[in-house]
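**Student:** One structure follows; several queries about it will come next.
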Amino acid sequence: MKDSSMIFGLHAVMEAIRSDREIDTIYIRRELQSDLAKELLAAVQDRNIVVRRVPVERLNRITSKNHQGVIAYLQVVPYQRLEDILPFVYEEGRSPFVVMLDGVTDVRNFGAIARSCECAGVDALVIPARGSAAISADAVKTSAGALLSLPVCREAGIAEAIRMLHDHGVMVVAASEGASELHTSLDLGHSPVALLLGSEDEGIAAAHLRMADRRVRIPVYGSIQSLNVSVAASVLMYEVVRQRKLMK
């Protein structure tokens with residue numbers, strides 16, 4: 001995979017850390033226990049860098065070059081803070097409109113959702129520090145460049161983000177196939193709202209689903225039981241847009 005945001009090799013990654021390069025994620029071979037590897041892990045402890053221990057096969061799929069058991073992705077876009085964005089939106093006299101992704105790891109889905117967020121005027125796209133697709137050059141390309149202008153907030157976890165949203169008076173609406181309410185039945189036009197979507201395999205984590213204020217489903221009439229997560233995200237976003245436009 002050719003990606004200008006990627007560096008590999010123990011020495012190269014260590015030098016990037018020492019030079020204070022903005023690193024997003026480091027993939028390190030699961031069995032790697034060398035002194036330099038331990039030094040690398042110690043160096044990133046107090047930094048906002050995701051470290052993932054993975055099998056060597058995962059690294060080999062990323063690059064065929066001599067990665068020495070370590071691959072790092074540089075930050076392609078700067079992350080913003082949700083706690084800064086929410087007061088700013090209120091100060092502008094608007095109701096916050098946020099999208100949160102719980103466990104969406106597919107780059108194509110992630111990029112497509114980001115593109116819809118930008119088109120729908122979403123104020124922030126929230127992802128967890130772990131269990132999310134990395135914002136790589138591929139993700140930016142899939143988003144048609146939307147990730148270069150859309151505020152992305154990487155929070156410690158979805159639970160923390162939900163609590164922050166509640167503290168700021170934002171209603172969290174979770175997309176769930178088992179919900180009794182349809183997405184069109186809620187009043188999404190008057191309230192600050194955050195849409196919560198999960199991965200196609202696991203959906204939203206049960207603990208996060210319980211924290212949501214409301215749960216909604218999008219009706220499906222065919223034999224396939226659910227929509228692709230990026231399509232579902234777009235449907236929900238544009239229901240918010242539709243209702244807010246009707247208010248004007």
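Quick note on naming: the chains in the structure tokens go A, B, ... in the order shown, residues restart at 1 in each chain, and ligands are numbered from 1 in order of appearance.
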Per DSSP on the backbone, filter segment 125-194 of chain A down to the residues in alpha helix (DSSP H) and report them as a list in words.
**Tutor:**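 Written out, the alpha helix (DSSP H) residues of segment 125-194 of chain A are Ala137, Asp138, Ala139, Val140, Lys141, Thr142, Ile158, Ala159, Glu160, Ala161, Ile162, Arg163, Met164, Leu165, His166 and Asp167 of chain A.
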**Student:** Go ahead and save the picked residues with N, CA and C atoms, as a PDB file, in the first residue's frame.
**Tutor:**
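Just written: result-v2.pdb:
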```pdb
ATOM      1  N   ALA A 137      -3.830   8.711   4.263  1.00  0.00           N
ATOM      2  CA  ALA A 137      -4.021   9.317   2.952  1.00  0.00           C
ATOM      3  C   ALA A 137      -5.149   8.623   2.189  1.00  0.00           C
ATOM      4  N   ASP A 138      -5.276   7.303   2.379  1.00  0.00           N
ATOM      5  CA  ASP A 138      -6.360   6.559   1.728  1.00  0.00           C
ATOM      6  C   ASP A 138      -7.725   7.028   2.227  1.00  0.00           C
ATOM      7  N   ALA A 139      -7.820   7.277   3.538  1.00  0.00           N
ATOM      8  CA  ALA A 139      -9.085   7.741   4.102  1.00  0.00           C
ATOM      9  C   ALA A 139      -9.446   9.118   3.555  1.00  0.00           C
ATOM     10  N   VAL A 140      -8.449   9.996   3.452  1.00  0.00           N
ATOM     11  CA  VAL A 140      -8.684  11.335   2.900  1.00  0.00           C
ATOM     12  C   VAL A 140      -9.160  11.242   1.457  1.00  0.00           C
ATOM     13  N   LYS A 141      -8.526  10.356   0.694  1.00  0.00           N
ATOM     14  CA  LYS A 141      -8.927  10.174  -0.704  1.00  0.00           C
ATOM     15  C   LYS A 141     -10.354   9.655  -0.802  1.00  0.00           C
ATOM     16  N   THR A 142     -10.695   8.666   0.029  1.00  0.00           N
ATOM     17  CA  THR A 142     -12.046   8.104   0.007  1.00  0.00           C
ATOM     18  C   THR A 142     -13.086   9.142   0.394  1.00  0.00           C
ATOM     19  N   ILE A 158     -15.695   6.422  23.558  1.00  0.00           N
ATOM     20  CA  ILE A 158     -17.046   6.872  23.221  1.00  0.00           C
ATOM     21  C   ILE A 158     -17.830   7.222  24.476  1.00  0.00           C
ATOM     22  N   ALA A 159     -17.648   6.457  25.553  1.00  0.00           N
ATOM     23  CA  ALA A 159     -18.371   6.747  26.793  1.00  0.00           C
ATOM     24  C   ALA A 159     -18.033   8.141  27.297  1.00  0.00           C
ATOM     25  N   GLU A 160     -16.757   8.488  27.265  1.00  0.00           N
ATOM     26  CA  GLU A 160     -16.340   9.825  27.704  1.00  0.00           C
ATOM     27  C   GLU A 160     -16.951  10.902  26.821  1.00  0.00           C
ATOM     28  N   ALA A 161     -16.999  10.636  25.521  1.00  0.00           N
ATOM     29  CA  ALA A 161     -17.581  11.610  24.587  1.00  0.00           C
ATOM     30  C   ALA A 161     -19.074  11.790  24.842  1.00  0.00           C
ATOM     31  N   ILE A 162     -19.788  10.700  25.113  1.00  0.00           N
ATOM     32  CA  ILE A 162     -21.226  10.788  25.401  1.00  0.00           C
ATOM     33  C   ILE A 162     -21.470  11.611  26.661  1.00  0.00           C
ATOM     34  N   ARG A 163     -20.655  11.374  27.690  1.00  0.00           N
ATOM     35  CA  ARG A 163     -20.820  12.143  28.923  1.00  0.00           C
ATOM     36  C   ARG A 163     -20.574  13.634  28.676  1.00  0.00           C
ATOM     37  N   MET A 164     -19.583  13.944  27.852  1.00  0.00           N
ATOM     38  CA  MET A 164     -19.302  15.334  27.529  1.00  0.00           C
ATOM     39  C   MET A 164     -20.469  15.964  26.767  1.00  0.00           C
ATOM     40  N   LEU A 165     -21.034  15.223  25.837  1.00  0.00           N
ATOM     41  CA  LEU A 165     -22.185  15.720  25.071  1.00  0.00           C
ATOM     42  C   LEU A 165     -23.373  15.971  25.997  1.00  0.00           C
ATOM     43  N   HIS A 166     -23.624  15.052  26.897  1.00  0.00           N
ATOM     44  CA  HIS A 166     -24.717  15.242  27.858  1.00  0.00           C
ATOM     45  C   HIS A 166     -24.478  16.483  28.714  1.00  0.00           C
ATOM     46  N   ASP A 167     -23.238  16.689  29.133  1.00  0.00           N
ATOM     47  CA  ASP A 167     -22.914  17.861  29.952  1.00  0.00           C
ATOM     48  C   ASP A 167     -23.183  19.167  29.202  1.00  0.00           C
TER      49      ASP A 167
END
```
**Student:** Report as CSV the residues of segment 83-169 of chain A within 8 Å of segment 231-234 of chain A, each with its shortest atom pair and distance in Å (one decimal), using only C-alpha atoms, ordered by chain and increasing residue number.
**Tutor:**
```
residue,atom,partner,partner_atom,distance
A:Ile113,CA,A:Ala233,CA,6.5
A:Ser116,CA,A:Ser234,CA,5.9
A:Cys117,CA,A:Ser234,CA,7.8
```
**Student:** For the selection you just gave me, I'd like the residues written to a file as a PDB file, in the first residue's frame, keeping C-alpha atoms.
**Tutor:**
```pdb
ATOM      1  CA  ILE A 113     -19.187   8.950   6.313  1.00  0.00           C
ATOM      2  CA  SER A 116     -21.487  12.954   4.084  1.00  0.00           C
ATOM      3  CA  CYS A 117     -20.683  14.786   7.330  1.00  0.00           C
TER       4      CYS A 117
END
```
**Student:** Rank A:Pro96, A:Leu150, A:Glu15, A:Gly131 by their smallest atom-to-atom distance to Val51 of chain A, using only C-alpha atoms, and report the top residue only.
**Tutor:**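 Among the listed residues, A:Gly131 lies closest to Val51 of chain A.
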**Student:** Among segment 12-244 of chain A, which residues carry a DSSP assignment of strand (DSSP E or B), reported as a VMD selection string?
**Tutor:** chain A and resid 23 to 29 50 to 54 70 to 74 97 to 102 124 to 128 152 to 155 171 to 175 181 to 182 193 to 199 203 214 to 217
**Student:** Output C-alpha atoms for every residue in the selection just made, as a PDB file, in the first residue's frame.
**Tutor:**
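Listing of part-v8.pdb after writing:
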```pdb
ATOM      1  CA  ILE A  23       2.139  10.533  14.803  1.00  0.00           C
ATOM      2  CA  ASP A  24      -1.362   9.101  14.663  1.00  0.00           C
ATOM      3  CA  THR A  25      -0.902   5.346  15.124  1.00  0.00           C
ATOM      4  CA  ILE A  26       1.991   2.938  15.576  1.00  0.00           C
ATOM      5  CA  TYR A  27       1.657  -0.721  14.601  1.00  0.00           C
ATOM      6  CA  ILE A  28       4.243  -2.915  16.313  1.00  0.00           C
ATOM      7  CA  ARG A  29       4.842  -6.632  15.887  1.00  0.00           C
ATOM      8  CA  VAL A  50      -2.388   4.916  19.511  1.00  0.00           C
ATOM      9  CA  VAL A  51      -0.147   1.830  19.731  1.00  0.00           C
ATOM     10  CA  ARG A  52      -1.439  -1.452  18.358  1.00  0.00           C
ATOM     11  CA  ARG A  53       0.294  -4.798  18.830  1.00  0.00           C
ATOM     12  CA  VAL A  54      -0.404  -6.859  15.711  1.00  0.00           C
ATOM     13  CA  VAL A  70       7.223  -1.286  13.323  1.00  0.00           C
ATOM     14  CA  ILE A  71       5.046   0.905  11.087  1.00  0.00           C
ATOM     15  CA  ALA A  72       3.789   4.367  12.001  1.00  0.00           C
ATOM     16  CA  TYR A  73       1.209   6.612  10.376  1.00  0.00           C
ATOM     17  CA  LEU A  74       1.724  10.348  10.639  1.00  0.00           C
ATOM     18  CA  PHE A  97     -24.719  18.608  15.165  1.00  0.00           C
ATOM     19  CA  VAL A  98     -22.267  15.776  15.879  1.00  0.00           C
ATOM     20  CA  VAL A  99     -21.643  12.301  14.449  1.00  0.00           C
ATOM     21  CA  MET A 100     -19.919   9.597  16.542  1.00  0.00           C
ATOM     22  CA  LEU A 101     -18.519   6.333  15.238  1.00  0.00           C
ATOM     23  CA  ASP A 102     -18.192   3.367  17.589  1.00  0.00           C
ATOM     24  CA  ALA A 124     -17.685  17.425  14.463  1.00  0.00           C
ATOM     25  CA  LEU A 125     -16.969  13.788  13.660  1.00  0.00           C
ATOM     26  CA  VAL A 126     -16.012  11.935  16.849  1.00  0.00           C
ATOM     27  CA  ILE A 127     -13.938   8.748  16.887  1.00  0.00           C
ATOM     28  CA  PRO A 128     -12.381   6.781  19.760  1.00  0.00           C
ATOM     29  CA  VAL A 152     -12.395  15.394  13.666  1.00  0.00           C
ATOM     30  CA  CYS A 153     -12.211  14.757  17.419  1.00  0.00           C
ATOM     31  CA  ARG A 154     -10.366  11.698  18.647  1.00  0.00           C
ATOM     32  CA  GLU A 155     -11.563  11.181  22.207  1.00  0.00           C
ATOM     33  CA  MET A 171     -29.142  14.554  22.807  1.00  0.00           C
ATOM     34  CA  VAL A 172     -27.413  11.328  21.775  1.00  0.00           C
ATOM     35  CA  VAL A 173     -29.394   9.305  19.211  1.00  0.00           C
ATOM     36  CA  ALA A 174     -28.156   5.761  18.552  1.00  0.00           C
ATOM     37  CA  ALA A 175     -28.844   3.842  15.361  1.00  0.00           C
ATOM     38  CA  GLU A 181     -38.747   4.133  17.024  1.00  0.00           C
ATOM     39  CA  LEU A 182     -38.221   5.067  13.382  1.00  0.00           C
ATOM     40  CA  VAL A 193     -28.062  16.235  18.458  1.00  0.00           C
ATOM     41  CA  ALA A 194     -25.306  13.648  18.179  1.00  0.00           C
ATOM     42  CA  LEU A 195     -25.821  10.588  15.989  1.00  0.00           C
ATOM     43  CA  LEU A 196     -24.111   7.412  17.229  1.00  0.00           C
ATOM     44  CA  LEU A 197     -23.352   4.617  14.758  1.00  0.00           C
ATOM     45  CA  GLY A 198     -21.556   1.313  15.243  1.00  0.00           C
ATOM     46  CA  SER A 199     -19.648  -1.124  13.106  1.00  0.00           C
ATOM     47  CA  GLY A 203     -22.883  -2.561  16.047  1.00  0.00           C
ATOM     48  CA  ARG A 214     -32.923   7.632  22.164  1.00  0.00           C
ATOM     49  CA  ARG A 215     -32.574   4.678  19.806  1.00  0.00           C
ATOM     50  CA  VAL A 216     -33.871   4.707  16.257  1.00  0.00           C
ATOM     51  CA  ARG A 217     -33.952   2.377  13.290  1.00  0.00           C
TER      52      ARG A 217
END
```
**Student:** Mind checking which residues fall within 8 Å of Asn109 of chain A, counting only C-alpha atoms, ignoring those fewer than 4 positions away in the same chain, and posting them as a list of chain:residue names?
**Tutor:**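 Answer for this query is A:Val104, A:Thr105, A:Ile113, A:Val229, A:Ser230.
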**Student:** Report, in Å with one decimal, the straight-line distance from atom CA of Ala16 of chain A to atom CA of Ala42 of chain A.
**Tutor:** 14.3 Å
**Student:** Which one of A:Val220, A:Val77, A:Leu36, A:Met211 sits closest to His183 of chain A if you count only C-alpha atoms?
**Tutor:**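 Checking each of A:Val220, A:Val77, A:Leu36, A:Met211 against His183 of chain A, counting only C-alpha atoms, the winner is A:Val220.
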